[in-house]
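Since the structure comes first, as C-alpha cells, the remarks are kept for the end.
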Amino acid sequence: GKDTVALLPTGFGKSVCYQVAGIYKGGICLVISPLISLMRDQVDKLNKQNIKAISVYSGMSRPEIEDIYNRCIKGEYNFLYISPERLTVDSFIDVLRNMNVSIVAVDEAHCISQWGYDFRPSYLKISIIKEHFPDIPFIALTGTATEKVLEDIQILLKLNNANVYRASFERKNISLNVLNINDKIVNVLKLTKEENGSSIIYTRSRKSTEIISDYLNRNGVSATYYHAGLDIKVKEEHQSKWLRGITKIMVATNAFGLGIDKRDVRLIVHYDLPQNIEEYYQEVGRAGRDGKLAKAILMYNEEDLLNIRRLVELSIPHIEEIRKTYLSLFNC
C-alpha cells in the first residue's frame with residue numbers, strides 16, 4: 001500500500017511486481033508505459049494467462065477508446081495500459097474518477113528523468129494522477145537508474161516516502177569484452193557467423209544500421225535494421241521478424257530494445273562507443289535473459305576515442321559563450 005521504487009535488472013521480473021499486486025488488490029491497475037510495442041506485448045501475455053488487460057494508444061478512434069474506458073469503469077479489465085501522452089487529454093482524469101483504480105505502475109520509470117524535460121514532456125504530467133488521487137499507491141519500475149535519476153523519479157512522480165528496493169545488478173551469465181579493433185565490420189561478420197543464437201549490433205548512426213545490415217546479408221548472415229527514422233510499420237515489421245527468429249541479427253541505434261523480451265539473445269555488439277555507462281549496461285542486459293551464457297563485445301579504436309572526446313567538448317559551451325548568453329538575456 002506504499003509508494004515504491006523497484007530497481008531490478010533486465011529479466012528479473014519487474015512486470016510481475018505490479019501484475020501480482022494488481023490481481024491481489026483487485027480493481028484496475030493503471031500501467032503507464034513508454035512504447036506501443038511494449039504495451040501490446042504485455043497485454044498479449046496477460047490475456048494468454050486469462051488475465052483481462054487492454055491498452056489505449058495513438059491511432060485508435062475515439063469510439064474505440066470510449067468503449068475501452070466504459071468497460072474499465074464496469075470492471076471488465078484488471079489492467080489498463082496507457083502512454084504518458086494520454087495524461088495530456090483533459091478529460092482523462094475525469095474518466096479515472098469513475099474507475100476503481102487500485103495501483104498506478106510507471107514502467108521504465110527512468111524515462112521520466114531522461115526524456116521528461118525535453119523529448120517527452122508528457123512524462124512530467126504523470127504526477128497529476130498523484131495530485132488527484134493521493135491515496136492510490138504508485139510503483140515505479142526501472143532496470144537502471146543513477147542516484148540522480150532515482151531522486152528525479154521520486155520527486156517528479158511526487159512519491160510519498162517511497163520504499164526503494166534494489167536487486168543486485170550483477171549478471172554472471174554475461175561476459176563483458178572490450179576489443180581494440182580497426183576493421184570492425186569484418187569482425188562483426190566473423191562474430192555473428194560463429195554465434196548460433198540471436199544478436200543485436202548497436203551503432204550510433206542510422207545510416208550505419210542499414211550499411212551493416214546490408215553487408216551481413218550479402219555475406220550470408222540474415223540481418224535487419226531499426227532506427228527512429230523508419231516508418232512505424234517498417235519498424236514493427238523488422239522487429240517482428242527478429243523476435244520470431246526469421247532474421248538472426250538486429251542492427252540498431254539505441255532507439256531499439258526498451259522492453260524487448262527475447263530470451264535467446266546470445267550476443268550484444270557495440271559497434272560504436274555508447275553515450276554513457278547506463279546506456280551500455282541497459283543494452284548489454286538484453287542478452288541472456290534465459291539465464292544461459294551470453295557475450296557482450298564493445299569495439300573501439302583510436303578514432304572512436306577522439307570522436308567521443310570531441311562530442312563531449314562540443315556539448316559543453318565555453319565560459320565566454322555562457323557569459324555572452326547571460327548578458328544578452330539580462331539586456332533583453
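Residue names in the C-alpha cells use chain letters A, B, ... in the order shown, residue numbers from 1 in each chain, and ligand numbers from 1 in the order shown.
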Considering only C-alpha atoms, return as an MDAnalysis selection string whatever protein or nucleic-acid residues lie within 7 Å of A:Val106, sequence-local ones (same chain, fewer than 4 positions apart) excluded. chainID A and resid 31:33 139:141
Write the selection just made, keeping all heavy atoms, as a short mmCIF file (atom, residue, chain, number, x, y, z; two decimals), in the first residue's frame?
data_model
loop_
_atom_site.label_atom_id
_atom_site.label_comp_id
_atom_site.auth_asym_id
_atom_site.auth_seq_id
_atom_site.Cartn_x
_atom_site.Cartn_y
_atom_site.Cartn_z
N VAL A 31 -1.31 1.13 -15.86
CA VAL A 31 0.11 1.00 -16.18
C VAL A 31 0.49 2.06 -17.22
O VAL A 31 -0.10 2.11 -18.31
CB VAL A 31 0.44 -0.41 -16.73
CG1 VAL A 31 1.95 -0.55 -16.92
CG2 VAL A 31 -0.10 -1.50 -15.80
N ILE A 32 1.47 2.89 -16.87
CA ILE A 32 1.95 3.93 -17.79
C ILE A 32 3.25 3.43 -18.40
O ILE A 32 4.22 3.17 -17.69
CB ILE A 32 2.14 5.26 -17.06
CG1 ILE A 32 0.81 5.71 -16.44
CG2 ILE A 32 2.68 6.33 -18.00
CD1 ILE A 32 0.92 6.83 -15.45
N SER A 33 3.25 3.27 -19.71
CA SER A 33 4.35 2.62 -20.41
C SER A 33 4.79 3.47 -21.61
O SER A 33 3.95 4.11 -22.24
CB SER A 33 3.89 1.23 -20.88
OG SER A 33 4.93 0.52 -21.48
N ILE A 139 3.85 2.48 -8.02
CA ILE A 139 5.08 1.71 -8.11
C ILE A 139 5.81 2.11 -9.38
O ILE A 139 5.25 2.08 -10.47
CB ILE A 139 4.85 0.18 -8.05
CG1 ILE A 139 6.20 -0.57 -8.16
CG2 ILE A 139 3.87 -0.30 -9.11
CD1 ILE A 139 6.13 -2.03 -7.80
N ALA A 140 7.05 2.57 -9.21
CA ALA A 140 7.89 2.98 -10.35
C ALA A 140 8.96 1.92 -10.54
O ALA A 140 9.65 1.54 -9.59
CB ALA A 140 8.52 4.34 -10.06
N LEU A 141 9.08 1.43 -11.78
CA LEU A 141 9.99 0.31 -12.04
C LEU A 141 11.00 0.67 -13.13
O LEU A 141 10.65 1.28 -14.14
CB LEU A 141 9.19 -0.92 -12.49
CG LEU A 141 8.06 -1.32 -11.55
CD1 LEU A 141 6.72 -1.10 -12.23
CD2 LEU A 141 8.19 -2.75 -11.09
#
Residues of stretch 3-81 of chain A classed as strand (DSSP E or B) by DSSP on the backbone are to be reported as a ChimeraX atom specification. /A:4-7,28-32,53-55,79-81
For the contact check between stretch 18-56 of chain A and stretch 95-100 of chain A, emit one row per residue of stretch 18-56 of chain A within 12 Å, containing the shortest atom pair and the distance in Å rounded to one decimal, counting only C-alpha atoms, chain then rising number order, as a Markdown table.
| residue | atom | partner | partner_atom | distance |
| --- | --- | --- | --- | --- |
| A:Gly22 | CA | A:Asn100 | CA | 11.6 |
| A:Lys25 | CA | A:Asn100 | CA | 10.6 |
| A:Gly26 | CA | A:Asn100 | CA | 8.6 |
| A:Gly27 | CA | A:Asn100 | CA | 5.1 |
| A:Ile28 | CA | A:Asn100 | CA | 5.8 |
| A:Cys29 | CA | A:Asn100 | CA | 8.7 |
| A:Leu30 | CA | A:Leu96 | CA | 9.4 |
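Minimum distance to A:Ser199 across A:Asp290, A:Asp41, A:Asp264, A:Glu320 (counting only C-alpha atoms) occurs at A:Asp264.
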Which residue of A:Asp135, A:Glu66, A:Asp272, A:Asp261 approaches A:Ile103 most closely, using only C-alpha atoms: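 Result for the nearest residue to A:Ile103: A:Asp135.
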All helix (DSSP H, G or I) residues (DSSP, backbone) inside stretch 54-171 of chain A, as a PyMOL selection string: chain A and resi 62-73+84-88+92-97+111-114+121-125+127-132+147-156
Need to verify the contact set: stretch 234-242 of chain A, 12 Å, only C-alpha atoms, exclusion of same-chain residues closer than 2 positions in sequence. Can you return it as a VMD selection string? chain A and resid 35 to 38 40 to 41 197 to 200 210 213 222 to 232 244 to 252 255 to 258 260 to 262 264 to 265
Just write the chosen residues, C-alpha atoms, as a short mmCIF file (atom, residue, chain, number, x, y, z; two decimals), in the first residue's frame.
data_model
loop_
_atom_site.label_atom_id
_atom_site.label_comp_id
_atom_site.auth_asym_id
_atom_site.auth_seq_id
_atom_site.Cartn_x
_atom_site.Cartn_y
_atom_site.Cartn_z
CA LEU A 35 6.11 2.30 -26.11
CA ILE A 36 3.11 0.91 -28.01
CA SER A 37 5.01 -2.29 -28.83
CA LEU A 38 5.80 -2.77 -25.13
CA ARG A 40 0.91 -4.69 -26.78
CA ASP A 41 3.43 -7.31 -25.69
CA GLY A 197 21.60 -17.54 -31.23
CA SER A 198 20.13 -14.09 -31.92
CA SER A 199 22.30 -10.98 -31.77
CA ILE A 200 21.94 -7.20 -31.51
CA GLU A 210 21.46 -0.07 -42.88
CA SER A 213 22.71 -4.96 -42.10
CA SER A 222 20.35 -12.84 -42.09
CA ALA A 223 20.01 -9.35 -40.63
CA THR A 224 17.60 -6.46 -40.40
CA TYR A 225 17.88 -2.91 -39.03
CA TYR A 226 15.99 -0.48 -36.77
CA HIS A 227 16.24 3.24 -36.05
CA ALA A 228 13.96 6.12 -35.10
CA GLY A 229 13.76 7.46 -38.67
CA LEU A 230 11.85 4.46 -40.01
CA ASP A 231 8.11 4.44 -40.63
CA ILE A 232 6.29 2.80 -37.68
CA ARG A 244 10.23 -14.55 -34.40
CA GLY A 245 13.72 -15.66 -35.46
CA ILE A 246 13.16 -15.07 -39.18
CA THR A 247 16.22 -12.82 -39.09
CA LYS A 248 19.12 -13.62 -36.81
CA ILE A 249 20.71 -10.19 -36.37
CA MET A 250 19.19 -6.83 -35.42
CA VAL A 251 21.39 -3.83 -36.26
CA ALA A 252 20.03 -0.83 -34.40
CA ALA A 255 16.03 3.55 -30.28
CA PHE A 256 15.68 -0.25 -30.18
CA GLY A 257 15.40 -2.57 -27.23
CA LEU A 258 13.34 -0.90 -24.49
CA ILE A 260 12.12 -6.22 -25.61
CA ASP A 261 11.60 -9.70 -24.16
CA LYS A 262 13.62 -12.10 -26.33
CA ASP A 264 17.72 -16.30 -26.68
CA VAL A 265 19.92 -13.26 -27.36
#
